[in-house]
>>> print(open('data29.txt').read())   # compact mmCIF, C-alpha atoms
# COMPACT_ATOMS: atom_id res chain seq x y z
CA MET A 1 -39.16 14.83 21.39
CA ARG A 2 -38.15 11.76 23.32
CA LEU A 3 -40.89 9.84 21.55
CA LEU A 4 -39.60 10.98 18.20
CA LEU A 5 -36.13 9.85 19.16
CA LEU A 6 -37.41 6.47 20.24
CA ALA A 7 -39.35 6.15 17.02
CA LEU A 8 -36.23 7.04 15.05
CA LEU A 9 -34.18 4.50 16.98
CA ALA A 10 -36.79 1.84 16.39
CA TRP A 11 -36.90 2.69 12.71
CA PHE A 12 -33.12 2.44 12.42
CA GLY A 13 -33.29 -0.86 14.27
CA ILE A 14 -35.75 -2.23 11.76
CA ALA A 15 -33.88 -0.72 8.83
CA SER A 16 -30.59 -2.26 9.85
CA GLN A 17 -32.29 -5.59 10.39
CA ALA A 18 -33.92 -5.42 7.02
CA LEU A 19 -30.58 -4.52 5.45
CA ALA A 20 -28.61 -7.34 6.93
CA GLN A 21 -29.84 -10.69 5.73
CA GLU A 22 -27.58 -13.24 7.27
CA PHE A 23 -26.07 -16.34 5.77
CA SER A 24 -23.44 -18.60 7.19
CA LEU A 25 -20.80 -21.07 6.12
CA THR A 26 -18.59 -23.42 8.04
CA ILE A 27 -15.09 -24.54 7.18
CA LYS A 28 -14.32 -28.06 8.36
CA ASP A 29 -11.50 -30.32 7.21
CA HIS A 30 -10.65 -27.58 4.69
CA ARG A 31 -14.07 -27.83 3.05
CA PHE A 32 -17.00 -25.44 2.99
CA GLU A 33 -20.29 -26.54 4.44
CA PRO A 34 -22.52 -25.87 2.59
CA ALA A 35 -20.45 -25.60 -0.58
CA ALA A 36 -23.37 -24.03 -2.44
CA LEU A 37 -25.39 -21.10 -1.12
CA GLN A 38 -28.63 -19.73 -2.56
CA ILE A 39 -28.96 -16.01 -2.03
CA PRO A 40 -31.60 -13.60 -3.31
CA ALA A 41 -30.21 -11.23 -5.91
CA GLY A 42 -30.37 -7.50 -5.32
CA THR A 43 -30.17 -7.46 -1.52
CA ALA A 44 -27.20 -6.76 0.71
CA PHE A 45 -26.33 -9.53 3.14
CA THR A 46 -23.73 -10.61 5.63
CA LEU A 47 -21.89 -13.86 5.35
CA THR A 48 -20.58 -15.37 8.56
CA VAL A 49 -17.79 -17.85 7.95
CA THR A 50 -16.86 -20.06 10.89
CA ASN A 51 -13.55 -21.84 10.71
CA GLU A 52 -13.82 -25.03 12.74
CA ASP A 53 -10.37 -26.22 11.69
CA ALA A 54 -7.37 -25.58 13.92
CA SER A 55 -5.46 -24.01 11.03
CA PRO A 56 -6.16 -20.57 9.59
CA GLU A 57 -7.85 -20.09 6.24
CA GLU A 58 -8.13 -17.19 3.86
CA PHE A 59 -11.63 -16.84 2.49
CA GLU A 60 -11.24 -15.47 -0.98
CA SER A 61 -13.47 -14.71 -3.90
CA ASP A 62 -12.35 -12.99 -7.07
CA ASP A 63 -15.96 -12.78 -8.26
CA LEU A 64 -17.08 -11.03 -5.09
CA ASP A 65 -13.85 -9.12 -4.50
CA ILE A 66 -13.43 -10.54 -0.99
CA GLU A 67 -10.25 -11.47 0.81
CA LYS A 68 -10.41 -12.30 4.49
CA VAL A 69 -8.13 -14.26 6.78
CA ILE A 70 -9.93 -16.40 9.36
CA ALA A 71 -7.83 -17.77 12.21
CA GLY A 72 -8.28 -21.35 13.38
CA GLY A 73 -11.44 -21.69 15.46
CA ALA A 74 -12.46 -18.13 14.61
CA LYS A 75 -15.36 -16.57 12.81
CA ALA A 76 -15.49 -13.79 10.24
CA VAL A 77 -18.38 -11.58 9.27
CA ILE A 78 -18.28 -10.40 5.68
CA LYS A 79 -20.53 -7.68 4.33
CA VAL A 80 -21.60 -8.27 0.77
CA GLU A 81 -23.15 -5.75 -1.57
CA PRO A 82 -26.36 -6.56 -3.44
CA LEU A 83 -25.51 -9.05 -6.18
CA ASP A 84 -26.78 -9.37 -9.72
CA ALA A 85 -28.21 -12.81 -10.49
CA GLY A 86 -25.45 -15.25 -11.28
CA ARG A 87 -22.85 -17.57 -9.90
CA TYR A 88 -20.05 -16.32 -7.67
CA GLU A 89 -17.26 -18.68 -6.76
CA PHE A 90 -15.22 -18.58 -3.59
CA TYR A 91 -12.37 -20.64 -2.20
CA GLY A 92 -9.99 -21.03 0.71
CA GLU A 93 -6.65 -19.74 -0.49
CA TYR A 94 -4.63 -21.94 1.86
CA HIS A 95 -6.38 -25.13 0.75
CA GLU A 96 -7.49 -24.41 -2.77
CA ASP A 97 -7.75 -28.10 -3.71
CA SER A 98 -10.55 -28.89 -1.29
CA ALA A 99 -11.99 -25.61 -0.06
CA LYS A 100 -14.25 -24.52 -2.91
CA GLY A 101 -17.77 -23.24 -3.10
CA ALA A 102 -20.14 -20.92 -4.86
CA ILE A 103 -22.95 -18.51 -4.20
CA GLN A 104 -25.94 -18.64 -6.52
CA ALA A 105 -27.76 -15.33 -6.58
CA LYS A 106 -31.34 -15.55 -7.85
CA MET B 107 4.16 -28.20 -2.98
CA LEU B 108 3.42 -26.04 -6.00
CA GLY B 109 0.47 -24.50 -4.18
CA ALA B 110 2.64 -23.54 -1.22
CA LEU B 111 5.31 -22.17 -3.55
CA LEU B 112 2.77 -19.97 -5.33
CA ILE B 113 1.17 -18.63 -2.16
CA VAL B 114 4.49 -17.63 -0.61
CA PHE B 115 5.83 -16.34 -3.94
CA ARG B 116 2.78 -14.11 -4.44
CA GLU B 117 3.10 -12.51 -1.03
CA VAL B 118 6.89 -12.14 -1.25
CA ILE B 119 6.81 -10.38 -4.62
CA GLU B 120 4.22 -7.94 -3.36
CA ALA B 121 6.44 -6.87 -0.50
CA GLY B 122 9.56 -7.43 -2.63
CA LEU B 123 8.59 -5.01 -5.38
CA VAL B 124 8.10 -2.33 -2.74
CA VAL B 125 11.51 -3.10 -1.22
CA GLY B 126 13.15 -3.07 -4.68
CA ILE B 127 11.72 0.33 -5.51
CA VAL B 128 12.67 1.73 -2.10
CA LEU B 129 16.23 0.45 -2.48
CA ALA B 130 16.53 2.05 -5.91
CA ALA B 131 14.96 5.29 -4.69
CA THR B 132 17.46 5.61 -1.85
CA ARG B 133 20.50 4.91 -3.95
CA GLY B 134 23.44 6.99 -2.86
CA ILE B 135 22.04 7.80 0.56
CA PRO B 136 24.46 6.62 3.22
CA GLY B 137 23.22 4.02 5.65
CA ARG B 138 20.21 3.09 3.55
CA GLY B 139 21.08 -0.63 3.77
CA TRP B 140 20.65 -0.47 7.53
CA TRP B 141 17.39 1.40 7.33
CA VAL B 142 15.89 -0.95 4.78
CA SER B 143 17.10 -4.01 6.73
CA LEU B 144 15.59 -2.53 9.86
CA GLY B 145 12.31 -2.09 8.00
CA ILE B 146 12.33 -5.71 6.83
CA LEU B 147 13.22 -7.00 10.29
CA LEU B 148 10.57 -4.95 12.10
CA GLY B 149 8.10 -5.85 9.36
CA ALA B 150 8.76 -9.56 9.88
CA LEU B 151 8.27 -9.13 13.63
CA GLY B 152 5.09 -7.17 12.96
CA ALA B 153 3.90 -9.95 10.63
CA GLY B 154 4.30 -12.44 13.47
CA VAL B 155 2.37 -10.20 15.85
CA VAL B 156 -0.44 -9.63 13.34
CA ALA B 157 -0.63 -13.38 12.68
CA VAL B 158 -0.76 -14.26 16.39
CA PHE B 159 -3.56 -11.77 16.97
CA ALA B 160 -5.34 -12.52 13.68
CA GLY B 161 -8.42 -13.79 15.51
CA ALA B 162 -8.66 -10.79 17.82
CA ILE B 163 -8.00 -8.32 14.99
CA SER B 164 -10.66 -9.93 12.87
CA ASN B 165 -13.27 -9.69 15.62
CA ALA B 166 -12.49 -6.07 16.46
CA PHE B 167 -14.80 -3.30 15.19
CA ALA B 168 -17.78 -5.60 14.67
CA GLY B 169 -15.86 -8.00 12.48
CA SER B 170 -14.22 -5.33 10.32
CA GLY B 171 -10.95 -5.13 12.27
CA GLN B 172 -8.89 -6.75 9.53
CA GLU B 173 -10.13 -4.39 6.82
CA LEU B 174 -9.67 -1.34 9.03
CA LEU B 175 -6.16 -2.37 10.05
CA ASN B 176 -5.22 -2.92 6.40
CA ALA B 177 -6.68 0.43 5.43
CA ALA B 178 -4.83 2.21 8.25
CA VAL B 179 -1.54 0.53 7.33
CA LEU B 180 -1.97 1.53 3.69
CA ILE B 181 -2.85 5.13 4.53
CA VAL B 182 0.28 5.48 6.69
CA ALA B 183 2.33 4.04 3.82
CA VAL B 184 0.77 6.51 1.36
CA ILE B 185 1.65 9.43 3.65
CA SER B 186 5.23 8.17 4.03
CA LEU B 187 5.66 7.75 0.28
CA THR B 188 4.29 11.24 -0.36
CA TRP B 189 6.62 12.68 2.25
CA HIS B 190 9.56 10.94 0.58
CA ASN B 191 8.71 12.21 -2.88
CA VAL B 192 8.25 15.75 -1.65
CA TRP B 193 11.59 15.59 0.13
CA MET B 194 13.25 14.25 -3.00
CA ALA B 195 11.80 17.09 -5.04
CA GLU B 196 13.79 19.42 -2.82
CA HIS B 197 16.98 17.45 -2.48
CA GLY B 198 17.02 14.91 -5.28
CA ARG B 199 19.08 16.95 -7.70
CA GLU B 200 21.82 17.63 -5.17
CA LEU B 201 21.74 13.98 -4.19
CA ALA B 202 22.16 12.82 -7.78
CA ALA B 203 25.05 15.23 -8.21
CA ASP B 204 26.75 14.15 -5.00
CA MET B 205 26.08 10.49 -5.51
CA ARG B 206 29.64 9.47 -6.17
CA GLN B 207 31.05 11.74 -3.52
CA VAL B 208 31.44 10.30 -0.10
CA GLY B 209 30.04 12.45 2.64
CA THR B 210 26.55 13.33 1.53
CA ASP B 211 24.94 14.95 4.50
CA VAL B 212 23.84 12.07 6.67
CA SER B 213 21.41 14.07 8.76
CA GLU B 214 19.72 15.26 5.59
CA GLY B 215 19.61 11.72 4.27
CA CYS B 216 17.88 10.43 7.38
CA LYS B 217 14.64 12.22 6.68
CA PRO B 218 13.35 10.24 3.70
CA LEU B 219 14.92 7.08 5.08
CA THR B 220 12.67 6.99 8.12
CA ALA B 221 9.68 7.45 5.82
CA LEU B 222 10.79 4.65 3.52
CA THR B 223 11.74 2.39 6.43
CA ILE B 224 8.13 2.70 7.56
CA VAL B 225 6.94 1.83 4.04
CA VAL B 226 9.15 -1.29 3.94
CA LEU B 227 8.06 -2.27 7.45
CA LEU B 228 4.38 -1.99 6.57
CA ALA B 229 4.70 -3.83 3.25
CA VAL B 230 6.58 -6.72 4.85
CA MET B 231 4.16 -6.80 7.78
CA ARG B 232 1.05 -6.91 5.60
CA GLU B 233 2.18 -9.58 3.19
CA GLY B 234 4.29 -11.43 5.76
CA SER B 235 1.42 -12.02 8.17
CA GLU B 236 -0.34 -14.08 5.50
CA ILE B 237 2.77 -16.19 4.99
CA VAL B 238 3.07 -16.73 8.75
CA LEU B 239 -0.57 -17.81 8.97
CA PHE B 240 -0.21 -20.12 6.01
CA LEU B 241 2.94 -21.75 7.40
CA TYR B 242 1.33 -22.02 10.82
CA GLY B 243 -1.56 -23.86 9.19
CA ILE B 244 0.89 -26.31 7.65
CA VAL B 245 2.47 -26.95 11.02
CA VAL B 246 -0.91 -27.46 12.69
CA ALA B 247 -2.09 -29.87 10.00
CA GLY B 248 1.18 -31.78 10.25
CA THR B 249 0.56 -33.80 7.09
CA GLY B 250 2.75 -33.30 4.05
CA MET B 251 4.73 -30.77 6.01
CA ALA B 252 8.10 -31.41 4.36
CA SER B 253 6.86 -30.89 0.82
CA LEU B 254 4.81 -27.81 1.75
CA LEU B 255 7.70 -26.24 3.61
CA THR B 256 9.99 -26.94 0.65
CA GLY B 257 7.44 -25.26 -1.58
CA GLY B 258 7.21 -22.31 0.78
CA SER B 259 10.99 -21.89 0.94
CA LEU B 260 11.28 -22.07 -2.84
CA GLY B 261 8.56 -19.43 -3.07
CA LEU B 262 10.54 -17.22 -0.73
CA VAL B 263 13.74 -17.65 -2.75
CA ALA B 264 11.94 -17.00 -6.05
CA GLY B 265 10.30 -13.90 -4.61
CA ALA B 266 13.59 -12.60 -3.29
CA ALA B 267 15.21 -13.23 -6.68
CA LEU B 268 12.51 -11.22 -8.40
CA THR B 269 13.04 -8.40 -5.91
CA ALA B 270 16.75 -8.40 -6.70
CA LEU B 271 15.96 -8.40 -10.41
CA SER B 272 13.66 -5.40 -10.10
CA TYR B 273 16.30 -3.56 -8.08
CA TYR B 274 19.14 -4.21 -10.53
CA GLY B 275 16.84 -3.34 -13.40
CA LEU B 276 16.11 0.01 -11.80
CA ILE B 277 19.66 0.92 -10.89
CA ALA B 278 20.77 0.24 -14.45
CA ILE B 279 19.00 3.51 -15.24
CA PRO B 280 21.54 6.32 -15.66
CA THR B 281 22.13 8.37 -12.50
CA ARG B 282 20.70 11.52 -14.08
CA TYR B 283 17.28 9.97 -14.51
CA ILE B 284 17.07 7.48 -11.68
CA PHE B 285 15.38 9.77 -9.16
CA SER B 286 12.84 10.92 -11.74
CA VAL B 287 12.01 7.29 -12.51
CA THR B 288 11.81 6.17 -8.89
CA GLY B 289 9.81 9.31 -8.12
CA VAL B 290 7.19 8.29 -10.68
CA LEU B 291 7.24 4.69 -9.43
CA ILE B 292 6.73 5.83 -5.84
CA ALA B 293 3.88 8.13 -6.88
CA LEU B 294 2.15 5.21 -8.65
CA LEU B 295 2.85 2.94 -5.68
CA ALA B 296 1.24 5.49 -3.35
CA ALA B 297 -1.78 6.02 -5.61
CA GLY B 298 -2.34 2.26 -5.84
CA MET B 299 -2.10 1.88 -2.09
CA ALA B 300 -4.54 4.73 -1.53
CA ALA B 301 -7.02 3.07 -3.89
CA GLN B 302 -6.60 -0.23 -2.08
CA ALA B 303 -7.19 1.45 1.27
CA VAL B 304 -10.48 2.69 -0.18
CA ARG B 305 -11.40 -0.85 -1.13
CA PHE B 306 -10.80 -2.04 2.44
CA LEU B 307 -12.85 0.83 3.86
CA GLN B 308 -15.64 -0.01 1.44
CA ALA B 309 -15.46 -3.70 2.41
CA ALA B 310 -15.68 -2.71 6.08
CA GLY B 311 -18.74 -0.60 5.31
CA THR B 312 -17.03 2.51 6.70
CA VAL B 313 -17.15 4.27 3.36
CA THR B 314 -20.26 3.77 1.27
CA ALA B 315 -19.96 6.50 -1.35
CA LEU B 316 -19.33 5.73 -5.03
CA ARG B 317 -19.36 1.96 -4.70
CA THR B 318 -20.31 1.19 -8.30
CA LYS B 319 -17.79 -0.90 -10.18
CA VAL B 320 -16.58 1.12 -13.11
CA TRP B 321 -15.27 -1.74 -15.22
CA ASP B 322 -14.54 -5.45 -15.06
CA THR B 323 -11.38 -6.61 -16.78
CA SER B 324 -11.03 -9.84 -14.81
CA TRP B 325 -11.42 -11.76 -18.10
CA LEU B 326 -8.35 -9.97 -19.45
CA LEU B 327 -6.09 -9.72 -16.42
CA SER B 328 -7.29 -11.10 -13.12
CA ASP B 329 -6.20 -9.64 -9.79
CA SER B 330 -5.29 -13.11 -8.57
CA SER B 331 -2.90 -13.91 -11.45
CA ILE B 332 0.81 -13.24 -10.92
CA PRO B 333 1.05 -10.45 -13.56
CA GLY B 334 -2.17 -8.99 -12.14
CA ARG B 335 -0.70 -8.94 -8.65
CA MET B 336 2.53 -7.35 -9.83
CA LEU B 337 0.70 -4.62 -11.72
CA HIS B 338 -1.49 -4.22 -8.67
CA VAL B 339 1.55 -3.36 -6.56
CA LEU B 340 3.32 -1.30 -9.22
CA ILE B 341 0.53 0.87 -10.60
CA GLY B 342 -2.44 -0.12 -8.46
CA TYR B 343 -4.18 -2.21 -11.14
CA THR B 344 -7.52 -3.66 -10.04
CA ASP B 345 -9.79 -5.69 -12.31
CA LYS B 346 -13.00 -4.30 -10.77
CA PRO B 347 -12.32 -0.80 -9.43
CA THR B 348 -15.07 1.18 -7.75
CA ALA B 349 -15.68 4.81 -8.73
CA LEU B 350 -14.26 6.05 -5.43
CA GLN B 351 -11.10 4.01 -5.92
CA LEU B 352 -10.48 5.76 -9.24
CA VAL B 353 -11.20 9.17 -7.74
CA VAL B 354 -8.79 8.58 -4.85
CA TYR B 355 -6.15 7.11 -7.17
CA PHE B 356 -6.01 10.21 -9.34
CA ALA B 357 -6.42 12.55 -6.39
CA THR B 358 -3.33 11.03 -4.77
CA LEU B 359 -1.31 11.47 -7.96
CA ALA B 360 -2.54 15.04 -8.35
CA THR B 361 -1.76 15.93 -4.73
CA MET B 362 1.76 14.62 -5.03
CA PHE B 363 2.31 16.41 -8.33
CA LEU B 364 1.02 19.71 -6.95
CA LEU B 365 3.12 19.49 -3.77
CA ILE B 366 6.22 18.89 -5.84
CA ARG B 367 5.38 21.69 -8.29
CA CYS B 368 4.91 24.14 -5.44
CA LEU B 369 8.26 23.21 -3.92
CA ARG B 370 10.06 23.51 -7.24
CA LEU B 371 8.60 26.95 -7.85
CA GLU B 372 9.53 28.04 -4.37
CA ARG B 373 13.13 26.94 -4.59
CA PRO B 374 14.72 29.50 -6.95
CA ALA B 375 13.22 32.31 -4.86
CA ARG B 376 14.81 30.94 -1.75
CA ARG B 377 18.16 30.69 -3.48
CA ALA B 378 18.06 34.30 -4.63
CA SER B 379 17.60 35.61 -1.12
>>> encode(input="data29.txt", output="structure tokens")
Amino acid sequence: MRLLLLALLAWFGIASQALAQEFSLTIKDHRFEPAALQIPAGTAFTLTVTNEDASPEEFESDDLDIEKVIAGGAKAVIKVEPLDAGRYEFYGEYHEDSAKGAIQAK
Amino acid sequence: MLGALLIVFREVIEAGLVVGIVLAATRGIPGRGWWVSLGILLGALGAGVVAVFAGAISNAFAGSGQELLNAAVLIVAVISLTWHNVWMAEHGRELAADMRQVGTDVSEGCKPLTALTIVVLLAVMREGSEIVLFLYGIVVAGTGMASLLTGGSLGLVAGAALTALSYYGLIAIPTRYIFSVTGVLIALLAAGMAAQAVRFLQAAGTVTALRTKVWDTSWLLSDSSIPGRMLHVLIGYTDKPTALQLVVYFATLATMFLLIRCLRLERPARRAS
């Protein structure tokens, strides 16, 4: 019984790892680094956005339906559903002139 | 400057439309000015608190704190709006009849006012925290502060003007119909908020059922455009709704309708006794 439980736990561990592919972005001087991300289509992933600026930013994407405020010096983890192949733009709402980027799902 | 104006304007009209509808819906209830002002004031304070703790909130619940807080706030607002509409179904007709008479029962009037004060508080808090964060960012950056702050102030004034416009538009409706109209508006407001709460729960990964997007009308009317945002507040318009959002939207409307129907049917019986 205990063994079964352990096996189950291990399986969940693997499953959750397999589910969560991780990608990350950094905001610095109101710009995204990198500004272009390649992501495999059809798999769920998490996007960690680190804001290295002192001022807050709102990470926003109409294409991905995401809206998330990130305080200065803070980090946000965003869960993204599996994407169809294509280009998905995102931007920083508070600095729309400079903070722009896109995800390319392939 | 224009960017700052637009950001502040967008957030102000979202909260402002809610305030305008609440003001129209409480017409004739004594003391409603105080209650609504209290809601705005507490909401502004709440916005400051949410902004100060933005980092901590965001990190809570494995990074989903922001979504969960938004969902919770919206759900409380939906409950308050439902409570108000149900109360109005019972008392609205008397209220409309008594509207010009001084001395409507104050203790009776207090009940929906607390509910709507909460709604105003939450709307101002949610949208206001984004304004606070944005303005804080301007102050931190220090550059171009004057022009950005001017833009922000103009956005605030324009948003407030639109709120006033929506309020005066609504109260131009004849007294006989006003509570029916505001009742429908509040029902739509609640349904839209419920659907948005679902979206936040889905973004947080808390709710995973029925996540398929049913349609995509972002080419026609985008959520991020000003008309899109206004319709989003008023009727809950979303350019890419998920199946569960639609289900919850109509379920909220149906629940409210049924509650009101039950009360209306119950009332004549109570009078006869």
>>> closest_residue(input="data29.txt", among="A:Ala76, A:Ile27, A:Ala36, A:Val49", to="chain B", atoms="only C-alpha atoms")
A:Ala76
>>> interface_residues(input="data29.txt", of="chain A", to="chain B", cutoff="10 Å", atoms="all atoms listed in the file", output="JSON, numbers by chain")
{"A": [29, 48, 53, 54, 55, 56, 57, 58, 60, 61, 62, 63, 64, 65, 66, 67, 68, 69, 70, 71, 72, 73, 74, 75, 76, 77, 78, 79, 80, 81, 93, 94, 95, 96, 97]}
>>> residues_around(input="data29.txt", residues="Ile39 (chain A)", least_positions_apart="3", cutoff="12 Å", atoms="all atoms listed in the file", output="CSV table (one decimal) with C-alpha atoms, in the coordinates of the input")
chain,number,residue,atom,x,y,z
A,21,GLN,CA,-29.8,-10.7,5.7
A,22,GLU,CA,-27.6,-13.2,7.3
A,23,PHE,CA,-26.1,-16.3,5.8
A,24,SER,CA,-23.4,-18.6,7.2
A,36,ALA,CA,-23.4,-24.0,-2.4
A,42,GLY,CA,-30.4,-7.5,-5.3
A,43,THR,CA,-30.2,-7.5,-1.5
A,44,ALA,CA,-27.2,-6.8,0.7
A,45,PHE,CA,-26.3,-9.5,3.1
A,46,THR,CA,-23.7,-10.6,5.6
A,47,LEU,CA,-21.9,-13.9,5.4
A,80,VAL,CA,-21.6,-8.3,0.8
A,81,GLU,CA,-23.2,-5.8,-1.6
A,82,PRO,CA,-26.4,-6.6,-3.4
A,83,LEU,CA,-25.5,-9.0,-6.2
A,84,ASP,CA,-26.8,-9.4,-9.7
A,85,ALA,CA,-28.2,-12.8,-10.5
A,86,GLY,CA,-25.4,-15.2,-11.3
A,87,ARG,CA,-22.8,-17.6,-9.9
A,88,TYR,CA,-20.0,-16.3,-7.7
A,102,ALA,CA,-20.1,-20.9,-4.9
A,103,ILE,CA,-23.0,-18.5,-4.2
A,104,GLN,CA,-25.9,-18.6,-6.5
A,105,ALA,CA,-27.8,-15.3,-6.6
A,106,LYS,CA,-31.3,-15.6,-7.8
>>> atom_distance(input="data29.txt", atom1="CA of Gly139 (chain B)", atom2="CA of Val225 (chain B)")
14.4 Å
>>> atom_distance(input="data29.txt", atom1="CA of Leu112 (chain B)", atom2="CA of Ser272 (chain B)")
18.8 Å
>>> residues_near_point(input="data29.txt", point="(10.1, 4.2, 1.8)", cutoff="6 Å", atoms="all atoms listed in the file", output="ChimeraX atom specification")
/B:128,187,221-223,225-226
>>> atom_distance(input="data29.txt", atom1="CA of Leu369 (chain B)", atom2="CA of Met194 (chain B)")
10.3 Å
>>> residues_around(input="data29.txt", residues="Val124 (chain B)", least_positions_apart="3", cutoff="9 Å", atoms="only C-alpha atoms", output="PyMOL selection string")
chain B and resi 119-121+127-129+225-226+229-230+269+292+295+339-340
>>> residues_around(input="data29.txt", residues="Val184 (chain B)", least_positions_apart="6", cutoff="9 Å", atoms="all atoms listed in the file", output="ChimeraX atom specification")
/B:225,293,295-300,358
>>> write_last_selection(input="data29.txt", atoms="C-alpha atoms", output="CSV table (one decimal), keeping the file's coordinate frame")
chain,number,residue,atom,x,y,z
B,225,VAL,CA,6.9,1.8,4.0
B,293,ALA,CA,3.9,8.1,-6.9
B,295,LEU,CA,2.8,2.9,-5.7
B,296,ALA,CA,1.2,5.5,-3.4
B,297,ALA,CA,-1.8,6.0,-5.6
B,298,GLY,CA,-2.3,2.3,-5.8
B,299,MET,CA,-2.1,1.9,-2.1
B,300,ALA,CA,-4.5,4.7,-1.5
B,358,THR,CA,-3.3,11.0,-4.8
>>> residues_near_point(input="data29.txt", point="(-15.1, -26.9, -1.8)", cutoff="6 Å", atoms="all atoms listed in the file", output="list of chain:residue names")
A:Arg31, A:Phe32, A:Ala35, A:Ser98, A:Ala99, A:Lys100, A:Gly101
